[in-house]
Structures are given as C-alpha cells and as structure tokens.
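Chemist: This is the structure I want to talk about, given as structure tokens.
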Amino acid sequence: MNNFFKIFYIFVNFIIVNFASNPEWDPSGYIIYCPCMGRFGNQADHFLGSLGFAKSLNRTLILPPWRTYKNVPFDDFFQVKPLREYHKVILAEDFMASLAPEYWPPGERSGWCVHLPGRPKECTMKEGNPFGPFWDGLNVDFDSYVYFDIFFSSQNIPQWQERFPPEKFPVYAFKGAPAHFPVEPRYVQLHKYLRWSDKIMDEAQTYIDKNFKDKKFIGIHLRNAMDWENVCSSAVGELTYMSSPQCLGYHNNKKNITQNMCLPDESEVLRLLKNVVLKTKTKVLFVATDRYPMIKQIEDYLKPQKVSAFHMDPWLPQVDLAILGKSDYFIGNCLSSFSAFVIRERMVNKKQSYFWGID
C-alpha cells in the first residue's frame with residue numbers, strides 16, 4: 001500500500017509539472033519588449049505603461065527580464081500572481097519554452113520598430129548593449145521587421161487592432177517599451193500590482209528587524225553620484241525634466257526646477273531632515289544612495305535629537321527600495337525615477353513622503 005501511494009504521488013507531480021503548468025495560447029496575441037532604456041527606475045516606469053498598453057489591446061504581456069549587467073528573470077524581483085489580478089501575463093522564460101516553439105518559431109519572428117515619416121527604415125533590434133545581450137538571453141533572433149507610426153495612446157487602440165490584428169501579427173516584439181517615460185498619470189496606480197518577491201522582502205525585513213527593532217524610521221534617498229551632477233546642470237530652470245512630474249505635476253507651468261530639488265546641498269539635506277525628525281519625533285534614519293550617505297554629518301547635526309543613521313549598500317538596489325517603501329516617512333529626489341518607484345509604492349499604501357527642495 002505504501003508503494004502504491006508513493007507511485008501515485010510521483011505520477012500526480014509529473015502531471016502537475018508537465019501538463020497543468022503548461023500555458024495555453026492566447027489568440028488575442030502577445031507583447032514583449034526590451035527594457036533597455038535606463039536603469040531599474042526607468043525600466044519600472046516603462047513596465048507600468050507597457051502593462052496598461054497590453055491590457056488596452058487585450059494582448060498578454062510577456063514579462064521581460066529586468067536588465068542589469070545581465071538578464072534577471074522578472075519574478076526574481078516581483079511576484080507574478082498579483083499582476084494577473086489586473087491583466088494576462090506570462091514570464092518570458094515560460095513563453096519561450098512552452099509557446100514560442102510552436103506559435104512563434106525561429107524563421108517567423110519579427111522585430112518591431114517605430115518609423116517616422118522622412119526617416120530611413122532602420123530596425124536595429126539587436127545592435128549594441130543591452131539590446132543584443134537581452135534578446136540573446138532569450139535565444140531570439142529576428143527574421144523580418146515591422147515598422148509602425150502609431151503612438152502608444154488609448155486613442156490609437158483601434159488603429160493597432162485594425163492594422164496589426166493578432167491573426168496576422170501574433171507577437172509584437174518591440175525594440176523598446178511601448179510606453180512613455182515618466183509613467184503616464186493613468187498608469188501610476190498600477191503600481192499596486194507590483195509586489196516584491198519573497199526573496200527581496202525577506203532581505204529587507206531581516207535588515208529592518210536587526211537594526212531598527214520595531215522603531216519607526218525615516219527613509220531618505222540621496223542621488224548624488226557624479227553622473228547626476230551633469231543631469232542637474234541641464235535640469236535646473238526647466239519646468240519638467242525626467243521624473244519631476246511626480247513632485248511638480250504633469251502640467252506644471254509655474255514652478256522651475258531648482259538645484260536643491262535635483263541635487264540638494266548639505267545644508268538642505270540637514271534642514272529638511274531636522275524638520276521631519278522634529279515633526280514626527282522619529283529617532284532612526286535609513287539612507288539609500290548611489291555615492292555618499294552623509295552618515296557622520298547627519299548624526300552630528302541631529303545629535304540633540306538622538307538620531308541614529310544607517311546605510312546598507314546592498315548587493316541589490318532593489319533591497320534598498322523595499323526598505324524605503326516600508327519606512328514610516330520618506331524623503332526622495334524629485335527628478336529621480338529611483339525615488340519615483342518608492343513614491344508610487346507609498347502612494348498606493350497611503351504613506352507620507354517628502355521631496356528635497358520642496359516644503
């Protein structure tokens with residue numbers, strides 16, 4: 001009898017692994033793209049817009065790997081199940097293994113590139129890094145190209161469906177994300193479906209439990225690397241630049257970007273920090289930065305308030321993001337898409353946030 005149940009158990013698991021997990025083909029079609037424009041913050045903005053675009057066309061979104069120095073499977077960072085509460089999705093690795101061999105086989109794969117009137121038709125889908133390594137990581141080569149001149153807007157959905165129906169074009173494989181940067185206002189709330197993987201959350205919570213011991217804490221993001229100095233030299237005085245709509249609004253025509261919004265000096269960092277500490281009576285501070293955390297300056301300045309400052313420098317910046325999202329209060333950079341990720345997460349969870357250079 002024991003042997004019978006053992007054999008039955010093995011058989012059931014074989015069925016689950018080899019049949020139940022195999023996805024069915026979606027006759028409404030698919031969308032895949034290379035998240036190859038910018039670092040993780042930019043990629044996250046593009047993802048939300050791409051998710052919204054896929055839903056508007058009723059096509060399944062193939063969840064692309066995140067692009068670092070290599071392809072990182074989507075579910076290394078985020079759960080897949082919550083996204084399905086909103087729309088149809090499938091991991092790129094599952095699509096390529098289970099569906100592509102039959103429905104999108106080699107020899108029938110088209111790359112999709114925008115073509116504007118008066119410009120030559122060039123679709124360099126795999127030219128350069130990260131484009132080539134991204135598609136190579138999925139074992140995809142392109143045999144032909146499709147050129148389009150339709151923008152990714154809700155008003156243009158009928159044109160997409162009429163000109164590129166799924167019966168003739170089952171897979172839209174875009175060179176870049178079919179979305180705008182920064183993320184459009186209508187897609188900001190989609191962030192509620194973007195939930196960290198257990199691996200990321202476990203690392204973040206372990207750090208919080210070890211260092212903060214159930215105390216409230218303020219999270220701050222200091223974007224102060226050398227490349228950011230160049231960004232700010234171009235941004236100051238403009239009405240909009242990069243992720244600035246998150247703090248100045250999407251239709252700002254009154255307030256110019258200041259140096260302290262983009263690259264706050266030490267006095268601005270200490271001033272706003274002290275204001276938030278005094279207002280919230282918080283004694284613990286967590287600093288995420290790409291260069292200089294200012295731990296000593298912060299602790300010296302806030303010594304009368306007995307504030308302790310921490311800086312992790314994790315192996316993955318996503319762990320920093322998860323910690324910042326869990327902070328009780330947050331101060332972020334107005335122009336940074338890294339800060340914007342945290343702001344959106346906190347917005348959907350109704351948590352308070354501030355920006356450097358803005359009271």
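Just remember, in the structure tokens the first chain shown is A, the second B, etc., residues are 1-based per chain, and ligands are 1-based in the order shown.
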If DSSP is run on the backbone, what residues of segment 194-288 of chain A are strand (DSSP E or B)? A reply as JSON, numbers by chain would be ideal.
Modeler: {"A": [196, 217, 218, 219, 220, 221, 222, 284, 285, 286, 287, 288]}
Chemist: What parts of segment 161-343 of chain A does DSSP call helix (DSSP H, G or I)? I'd like the answer as number ranges by chain.
Modeler: A: 161-163, 185-193, 198-211, 226-235, 245-248, 259-262, 266-280, 295-301, 303-305, 317-326, 337-343
Chemist: Residues at most 7 Å from Ala173 of chain A, counting only C-alpha atoms, excluding those fewer than 2 positions away in the same chain, as a PDB file with N, CA, C and O atoms, in the first residue's frame?
Modeler:
```pdb
ATOM      1  N   ILE A  31       2.596  40.657 -26.322  1.00  0.00           N
ATOM      2  CA  ILE A  31       3.515  41.787 -26.420  1.00  0.00           C
ATOM      3  C   ILE A  31       4.752  41.454 -25.608  1.00  0.00           C
ATOM      4  O   ILE A  31       4.659  41.005 -24.464  1.00  0.00           O
ATOM      5  N   ILE A  32       5.921  41.662 -26.216  1.00  0.00           N
ATOM      6  CA  ILE A  32       7.182  41.572 -25.496  1.00  0.00           C
ATOM      7  C   ILE A  32       8.047  42.751 -25.931  1.00  0.00           C
ATOM      8  O   ILE A  32       7.900  43.253 -27.055  1.00  0.00           O
ATOM      9  N   TYR A  33       8.920  43.207 -25.056  1.00  0.00           N
ATOM     10  CA  TYR A  33       9.770  44.345 -25.391  1.00  0.00           C
ATOM     11  C   TYR A  33      11.077  44.234 -24.625  1.00  0.00           C
ATOM     12  O   TYR A  33      11.178  43.498 -23.636  1.00  0.00           O
ATOM     13  N   SER A 110       9.410  38.529 -35.987  1.00  0.00           N
ATOM     14  CA  SER A 110       9.580  39.897 -36.490  1.00  0.00           C
ATOM     15  C   SER A 110       9.897  40.845 -35.352  1.00  0.00           C
ATOM     16  O   SER A 110       9.282  40.777 -34.283  1.00  0.00           O
ATOM     17  N   GLY A 111      10.859  41.735 -35.581  1.00  0.00           N
ATOM     18  CA  GLY A 111      11.138  42.810 -34.649  1.00  0.00           C
ATOM     19  C   GLY A 111      10.341  44.045 -35.031  1.00  0.00           C
ATOM     20  O   GLY A 111      10.127  44.309 -36.225  1.00  0.00           O
ATOM     21  N   TRP A 112       9.904  44.802 -34.016  1.00  0.00           N
ATOM     22  CA  TRP A 112       9.022  45.954 -34.253  1.00  0.00           C
ATOM     23  C   TRP A 112       9.740  47.251 -33.898  1.00  0.00           C
ATOM     24  O   TRP A 112      10.223  47.424 -32.778  1.00  0.00           O
ATOM     25  N   VAL A 171       2.592  38.211 -32.277  1.00  0.00           N
ATOM     26  CA  VAL A 171       3.520  38.715 -31.257  1.00  0.00           C
ATOM     27  C   VAL A 171       4.073  40.068 -31.692  1.00  0.00           C
ATOM     28  O   VAL A 171       4.694  40.188 -32.750  1.00  0.00           O
ATOM     29  N   LYS A 175      11.323  46.905 -29.963  1.00  0.00           N
ATOM     30  CA  LYS A 175      12.719  47.190 -29.623  1.00  0.00           C
ATOM     31  C   LYS A 175      12.820  47.826 -28.245  1.00  0.00           C
ATOM     32  O   LYS A 175      13.754  47.550 -27.487  1.00  0.00           O
TER      33      LYS A 175
END
```
Chemist: Select, from A:Thr124, A:Thr280, A:Gln189, A:Ser337, the residue with the minimum atom-to-atom distance to Pro245 of chain A, counting only C-alpha atoms.
Modeler: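 Ranked by minimum distance to Pro245 of chain A, first place goes to A:Ser337.
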Chemist: Measuring between only C-alpha atoms, which one of A:Phe74, A:Trp104, A:Tyr172, A:Tyr86 shows the shortest distance to Arg59 of chain A?
Modeler: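 Using only C-alpha atoms, Arg59 of chain A sits closest to A:Tyr172.
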Chemist: Which residue out of A:Arg291, A:Lys192, A:His221, A:Lys254 has the minimum interatomic distance to Met347 of chain A when only C-alpha atoms are used?
Modeler: A:Lys192
Chemist: Within 8 Å of Phe47 of chain A, counting only C-alpha atoms, which residues show up once you throw out same-chain ones fewer than 4 positions away? Write them as an MDAnalysis selection string, please.
Modeler: chainID A and resid 35 43 51 177 179
